Amino acid sequence: MAKTLYVINPNSNTAVTAGIDAAMAVFRQHDAPKIECVTLADGPPGIQSQQDVDRAAVLVRDFAEKHRDGAAGFVTACFSDPGLHSLREIPGVLAMGISEGAALTAMTLGNTFGVIAILKGSIPRHMRAWAAMGIATRVAGEVAIGRSVAELSDADATLSAMIAAGKELRDRHLADVLVMGCAGMARYRDALQDAVGLPVVEPSQATVSMALGRLRLGW
């Protein structure tokens, strides 16, 4: 039986999972691994603090332990990559996080990238990640739109704020590429890219594309 690539939304917001699932349509082919997007119902409603990240990390690992036999791999679909390093301690399991995958993809598209964050409090957490990866000099900057995960469902207000942030990153920070700093932003990628005129990386798409390539190559 074919194995499943699990894309894990570590928060309990099913609307976020639906947006991620829609973004996966381009990868669903008859000869590719099954892609299943799942919601962790016991997770926080939005991962917006380090405490949320730490709580979600345990849930992500628990999910992986329960599903590892039928799994082709796991993608942690939260921009703080909760549980990623714990997953990588499981022998023989492909484990990827969308923050890491988005950054690596963005660096192939331009010299510097700018991140659109949901809240100002998210930015220090992201900066720690870039420093840990050794890529801080490739980050042009981050701009927060001041909206919680739940508030991202207000399409008009969210897209307007994202366009304003994207233009600030383009014009003031001189970013070559934009990265959407939350999985809940997935459905706005095309409209944002059209409005700002820069490549826009949707983290779940970027990371799943890398995961599928690794599975094809047996890495």
# chains A, B, ... in the order shown; residues from 1 in each chain; ligands from 1
$ closest_atom_pairs --of "stretch 11-85 of chain A" --to "stretch 109-122 of chain A" --cutoff "12 Å" --atoms "only C-alpha atoms" --output "tab-separated table"
residue	atom	partner	partner_atom	distance
A:Gly46	CA	A:Ile118	CA	10.7
A:Ile47	CA	A:Ser122	CA	9.3
A:Gln48	CA	A:Ser122	CA	6.5
A:Ser49	CA	A:Ser122	CA	6.9
A:Gln50	CA	A:Ser122	CA	8.7
A:Gln51	CA	A:Ser122	CA	11.8
A:Asp52	CA	A:Ser122	CA	11.3
A:Val53	CA	A:Ser122	CA	10.8
A:Cys78	CA	A:Ser122	CA	11.9
A:Phe79	CA	A:Ala117	CA	9.3
A:Ser80	CA	A:Ser122	CA	8.7
$ write_last_selection --atoms "N, CA and C atoms" --output "tab-separated table (two decimals), in the first residue's frame"
chain	number	residue	atom	x	y	z
A	46	GLY	N	-3.96	29.00	17.58
A	46	GLY	CA	-2.97	29.62	16.71
A	46	GLY	C	-1.63	29.55	17.41
A	47	ILE	N	-0.58	29.33	16.65
A	47	ILE	CA	0.75	29.24	17.26
A	47	ILE	C	1.39	30.61	17.14
A	48	GLN	N	1.33	31.36	18.23
A	48	GLN	CA	1.70	32.77	18.21
A	48	GLN	C	2.72	33.13	19.29
A	49	SER	N	3.19	32.16	20.05
A	49	SER	CA	4.16	32.41	21.11
A	49	SER	C	5.08	31.21	21.23
A	50	GLN	N	6.18	31.38	21.95
A	50	GLN	CA	7.08	30.24	22.16
A	50	GLN	C	6.38	29.15	22.97
A	51	GLN	N	5.53	29.55	23.89
A	51	GLN	CA	4.77	28.55	24.65
A	51	GLN	C	3.90	27.71	23.72
A	52	ASP	N	3.25	28.36	22.75
A	52	ASP	CA	2.46	27.62	21.76
A	52	ASP	C	3.33	26.65	20.97
A	53	VAL	N	4.51	27.12	20.59
A	53	VAL	CA	5.44	26.28	19.83
A	53	VAL	C	5.83	25.05	20.63
A	78	CYS	N	3.82	24.76	10.16
A	78	CYS	CA	3.74	25.96	11.00
A	78	CYS	C	5.07	26.67	10.85
A	79	PHE	N	5.05	27.99	10.77
A	79	PHE	CA	6.27	28.72	10.43
A	79	PHE	C	7.31	28.73	11.55
A	80	SER	N	6.96	28.19	12.71
A	80	SER	CA	7.95	28.04	13.77
A	80	SER	C	8.53	26.63	13.81
$ residues_around --residues "stretch 153-166 of chain A" --least-positions-apart "3" --cutoff "7 Å" --atoms "only C-alpha atoms" --output "PDB file with all heavy atoms, in the first residue's frame"
ATOM      1  N   ILE A 116       6.731  38.207   5.664  1.00  0.00           N
ATOM      2  CA  ILE A 116       5.506  38.832   6.160  1.00  0.00           C
ATOM      3  C   ILE A 116       5.026  38.015   7.350  1.00  0.00           C
ATOM      4  O   ILE A 116       4.559  36.880   7.195  1.00  0.00           O
ATOM      5  CB  ILE A 116       4.423  38.889   5.075  1.00  0.00           C
ATOM      6  CG1 ILE A 116       4.923  39.685   3.861  1.00  0.00           C
ATOM      7  CG2 ILE A 116       3.144  39.511   5.622  1.00  0.00           C
ATOM      8  CD1 ILE A 116       3.961  39.708   2.693  1.00  0.00           C
ATOM      9  N   VAL A 143       8.159  42.174   8.330  1.00  0.00           N
ATOM     10  CA  VAL A 143       7.108  43.143   8.628  1.00  0.00           C
ATOM     11  C   VAL A 143       5.876  42.371   9.078  1.00  0.00           C
ATOM     12  O   VAL A 143       5.460  41.416   8.407  1.00  0.00           O
ATOM     13  CB  VAL A 143       6.775  44.011   7.401  1.00  0.00           C
ATOM     14  CG1 VAL A 143       5.580  44.914   7.688  1.00  0.00           C
ATOM     15  CG2 VAL A 143       7.982  44.846   6.989  1.00  0.00           C
ATOM     16  N   ILE A 145       1.808  42.033  10.024  1.00  0.00           N
ATOM     17  CA  ILE A 145       0.534  42.620   9.585  1.00  0.00           C
ATOM     18  C   ILE A 145      -0.428  42.833  10.753  1.00  0.00           C
ATOM     19  O   ILE A 145      -1.525  43.368  10.558  1.00  0.00           O
ATOM     20  CB  ILE A 145      -0.138  41.776   8.488  1.00  0.00           C
ATOM     21  CG1 ILE A 145      -0.474  40.361   8.992  1.00  0.00           C
ATOM     22  CG2 ILE A 145       0.756  41.711   7.250  1.00  0.00           C
ATOM     23  CD1 ILE A 145      -1.302  39.540   8.010  1.00  0.00           C
ATOM     24  N   ALA A 150      -6.512  33.437  13.622  1.00  0.00           N
ATOM     25  CA  ALA A 150      -7.958  33.426  13.395  1.00  0.00           C
ATOM     26  C   ALA A 150      -8.390  34.574  12.487  1.00  0.00           C
ATOM     27  O   ALA A 150      -9.296  34.418  11.649  1.00  0.00           O
ATOM     28  CB  ALA A 150      -8.700  33.503  14.723  1.00  0.00           C
ATOM     29  N   LEU A 169       8.513  45.700   2.309  1.00  0.00           N
ATOM     30  CA  LEU A 169       9.697  44.841   2.223  1.00  0.00           C
ATOM     31  C   LEU A 169      10.413  45.028   0.886  1.00  0.00           C
ATOM     32  O   LEU A 169      11.645  45.006   0.827  1.00  0.00           O
ATOM     33  CB  LEU A 169       9.289  43.376   2.404  1.00  0.00           C
ATOM     34  CG  LEU A 169       8.896  42.985   3.825  1.00  0.00           C
ATOM     35  CD1 LEU A 169       8.137  41.671   3.831  1.00  0.00           C
ATOM     36  CD2 LEU A 169      10.127  42.893   4.723  1.00  0.00           C
ATOM     37  N   ARG A 170       9.655  45.241  -0.169  1.00  0.00           N
ATOM     38  CA  ARG A 170      10.242  45.463  -1.495  1.00  0.00           C
ATOM     39  C   ARG A 170      10.934  46.815  -1.589  1.00  0.00           C
ATOM     40  O   ARG A 170      12.088  46.904  -2.052  1.00  0.00           O
ATOM     41  CB  ARG A 170       9.137  45.373  -2.549  1.00  0.00           C
ATOM     42  CG  ARG A 170       9.587  45.585  -3.989  1.00  0.00           C
ATOM     43  CD  ARG A 170       8.390  45.825  -4.902  1.00  0.00           C
ATOM     44  NE  ARG A 170       7.708  47.093  -4.587  1.00  0.00           N
ATOM     45  CZ  ARG A 170       6.522  47.435  -5.104  1.00  0.00           C
ATOM     46  NH1 ARG A 170       5.885  46.626  -5.934  1.00  0.00           N
ATOM     47  NH2 ARG A 170       5.984  48.603  -4.788  1.00  0.00           N
ATOM     48  N   LEU A 178       9.599  37.436  -1.454  1.00  0.00           N
ATOM     49  CA  LEU A 178       8.771  37.494  -0.253  1.00  0.00           C
ATOM     50  C   LEU A 178       8.450  36.082   0.219  1.00  0.00           C
ATOM     51  O   LEU A 178       8.210  35.179  -0.589  1.00  0.00           O
ATOM     52  CB  LEU A 178       7.467  38.236  -0.523  1.00  0.00           C
ATOM     53  CG  LEU A 178       7.575  39.701  -0.963  1.00  0.00           C
ATOM     54  CD1 LEU A 178       6.180  40.282  -1.191  1.00  0.00           C
ATOM     55  CD2 LEU A 178       8.343  40.532   0.054  1.00  0.00           C
ATOM     56  N   TYR A 188      -3.521  33.325  -0.194  1.00  0.00           N
ATOM     57  CA  TYR A 188      -3.283  34.682  -0.696  1.00  0.00           C
ATOM     58  C   TYR A 188      -2.037  34.792  -1.577  1.00  0.00           C
ATOM     59  O   TYR A 188      -1.703  35.875  -2.029  1.00  0.00           O
ATOM     60  CB  TYR A 188      -3.162  35.653   0.489  1.00  0.00           C
ATOM     61  CG  TYR A 188      -4.367  35.651   1.395  1.00  0.00           C
ATOM     62  CD1 TYR A 188      -4.291  35.155   2.686  1.00  0.00           C
ATOM     63  CD2 TYR A 188      -5.597  36.125   0.948  1.00  0.00           C
ATOM     64  CE1 TYR A 188      -5.402  35.133   3.523  1.00  0.00           C
ATOM     65  CE2 TYR A 188      -6.716  36.109   1.767  1.00  0.00           C
ATOM     66  CZ  TYR A 188      -6.608  35.610   3.060  1.00  0.00           C
ATOM     67  OH  TYR A 188      -7.719  35.594   3.878  1.00  0.00           O
ATOM     68  N   LEU A 192      -1.100  38.141  -3.840  1.00  0.00           N
ATOM     69  CA  LEU A 192       0.011  38.927  -3.308  1.00  0.00           C
ATOM     70  C   LEU A 192       1.117  39.068  -4.335  1.00  0.00           C
ATOM     71  O   LEU A 192       1.662  40.163  -4.542  1.00  0.00           O
ATOM     72  CB  LEU A 192       0.548  38.258  -2.036  1.00  0.00           C
ATOM     73  CG  LEU A 192       1.763  38.918  -1.389  1.00  0.00           C
ATOM     74  CD1 LEU A 192       1.441  40.314  -0.892  1.00  0.00           C
ATOM     75  CD2 LEU A 192       2.296  38.049  -0.233  1.00  0.00           C
ATOM     76  N   ALA A 195       0.179  41.559  -6.978  1.00  0.00           N
ATOM     77  CA  ALA A 195       0.111  42.940  -6.498  1.00  0.00           C
ATOM     78  C   ALA A 195       1.483  43.543  -6.252  1.00  0.00           C
ATOM     79  O   ALA A 195       1.689  44.743  -6.466  1.00  0.00           O
ATOM     80  CB  ALA A 195      -0.713  43.011  -5.211  1.00  0.00           C
ATOM     81  N   VAL A 196       2.429  42.725  -5.815  1.00  0.00           N
ATOM     82  CA  VAL A 196       3.737  43.256  -5.402  1.00  0.00           C
ATOM     83  C   VAL A 196       4.790  43.103  -6.492  1.00  0.00           C
ATOM     84  O   VAL A 196       5.756  43.867  -6.549  1.00  0.00           O
ATOM     85  CB  VAL A 196       4.195  42.588  -4.086  1.00  0.00           C
ATOM     86  CG1 VAL A 196       5.540  43.116  -3.633  1.00  0.00           C
ATOM     87  CG2 VAL A 196       3.154  42.825  -2.986  1.00  0.00           C
TER      88      VAL A 196
END
$ select_by_dssp --residues "stretch 69-156 of chain A" --states "strand (DSSP E)" --output "PyMOL selection string"
chain A and resi 71-76+95-97+113-117+139-144
$ select_by_dssp --residues "stretch 55-204 of chain A" --states "helix (DSSP H, G or I)" --output "JSON, numbers by chain"
{"A": [55, 56, 57, 58, 59, 60, 61, 62, 63, 64, 65, 66, 67, 68, 69, 70, 84, 85, 86, 87, 98, 99, 100, 101, 102, 103, 104, 105, 106, 107, 108, 109, 122, 123, 124, 125, 126, 127, 128, 129, 130, 131, 132, 133, 136, 137, 138, 150, 151, 152, 153, 155, 156, 157, 158, 159, 160, 161, 162, 163, 164, 165, 166, 167, 168, 169, 170, 171, 183, 184, 185, 186, 187, 188, 189, 190, 191, 192, 193, 194, 195, 196, 203, 204]}
$ residues_around --residues "A:His85" --least-positions-apart "6" --cutoff "12 Å" --atoms "only C-alpha atoms" --output "number ranges by chain"
A: 54, 57-58, 60-61, 74-76, 93-97, 100
$ write_last_selection --atoms "N, CA, C and O atoms" --output "CSV table (one decimal), in the first residue's frame"
chain,number,residue,atom,x,y,z
A,54,ASP,N,6.2,25.3,21.9
A,54,ASP,CA,6.6,24.2,22.7
A,54,ASP,C,5.5,23.1,23.0
A,54,ASP,O,5.8,21.9,22.9
A,57,ALA,N,5.0,21.2,19.7
A,57,ALA,CA,6.0,20.3,19.4
A,57,ALA,C,5.8,18.9,19.9
A,57,ALA,O,6.0,17.8,19.3
A,58,VAL,N,5.3,18.8,21.1
A,58,VAL,CA,4.9,17.5,21.7
A,58,VAL,C,3.8,16.8,20.9
A,58,VAL,O,3.9,15.6,20.7
A,60,VAL,N,3.1,17.2,17.8
A,60,VAL,CA,3.6,16.8,16.5
A,60,VAL,C,4.3,15.5,16.6
A,60,VAL,O,4.1,14.5,15.8
A,61,ARG,N,5.2,15.4,17.6
A,61,ARG,CA,5.9,14.1,17.8
A,61,ARG,C,4.9,12.9,18.1
A,61,ARG,O,5.1,11.8,17.6
A,74,PHE,N,6.9,13.4,7.1
A,74,PHE,CA,6.1,14.4,7.8
A,74,PHE,C,6.6,15.8,7.5
A,74,PHE,O,7.8,16.1,7.5
A,75,VAL,N,5.6,16.7,7.2
A,75,VAL,CA,6.0,18.1,7.1
A,75,VAL,C,5.2,18.9,8.2
A,75,VAL,O,4.0,18.8,8.3
A,76,THR,N,6.0,19.6,9.0
A,76,THR,CA,5.4,20.4,10.0
A,76,THR,C,5.0,21.8,9.4
A,76,THR,O,5.8,22.6,9.1
A,93,VAL,N,12.8,8.4,9.1
A,93,VAL,CA,11.6,9.2,8.9
A,93,VAL,C,12.0,10.5,8.2
A,93,VAL,O,12.8,11.2,8.7
A,94,LEU,N,11.4,10.8,7.0
A,94,LEU,CA,11.6,12.1,6.4
A,94,LEU,C,10.8,13.1,7.2
A,94,LEU,O,9.6,13.0,7.4
A,95,ALA,N,11.5,14.2,7.6
A,95,ALA,CA,10.9,15.2,8.4
A,95,ALA,C,11.4,16.6,7.9
A,95,ALA,O,12.6,16.8,7.9
A,96,MET,N,10.4,17.5,7.6
A,96,MET,CA,10.7,18.8,7.1
A,96,MET,C,9.8,19.8,7.8
A,96,MET,O,8.7,19.5,8.1
A,97,GLY,N,10.3,21.1,7.9
A,97,GLY,CA,9.5,22.1,8.4
A,97,GLY,C,9.3,23.3,7.4
A,97,GLY,O,10.3,23.5,6.7
A,100,GLU,N,12.0,26.4,7.5
A,100,GLU,CA,13.3,26.0,6.9
A,100,GLU,C,13.1,25.8,5.4
A,100,GLU,O,14.0,26.3,4.6
$ closest_residue --among "A:Glu36, A:Asp176, A:Glu89, A:Asp69" --to "A:Ile20" --atoms "only C-alpha atoms"
A:Glu36
$ residues_around --residues "A:Leu212" --least-positions-apart "4" --cutoff "8 Å" --atoms "only C-alpha atoms" --output "PyMOL selection string"
chain A and resi 32-33+208+216
$ closest_residue --among "A:Ala132, A:Thr207, A:Ala140, A:Gly218" --to "A:Phe27" --atoms "only C-alpha atoms"
A:Thr207
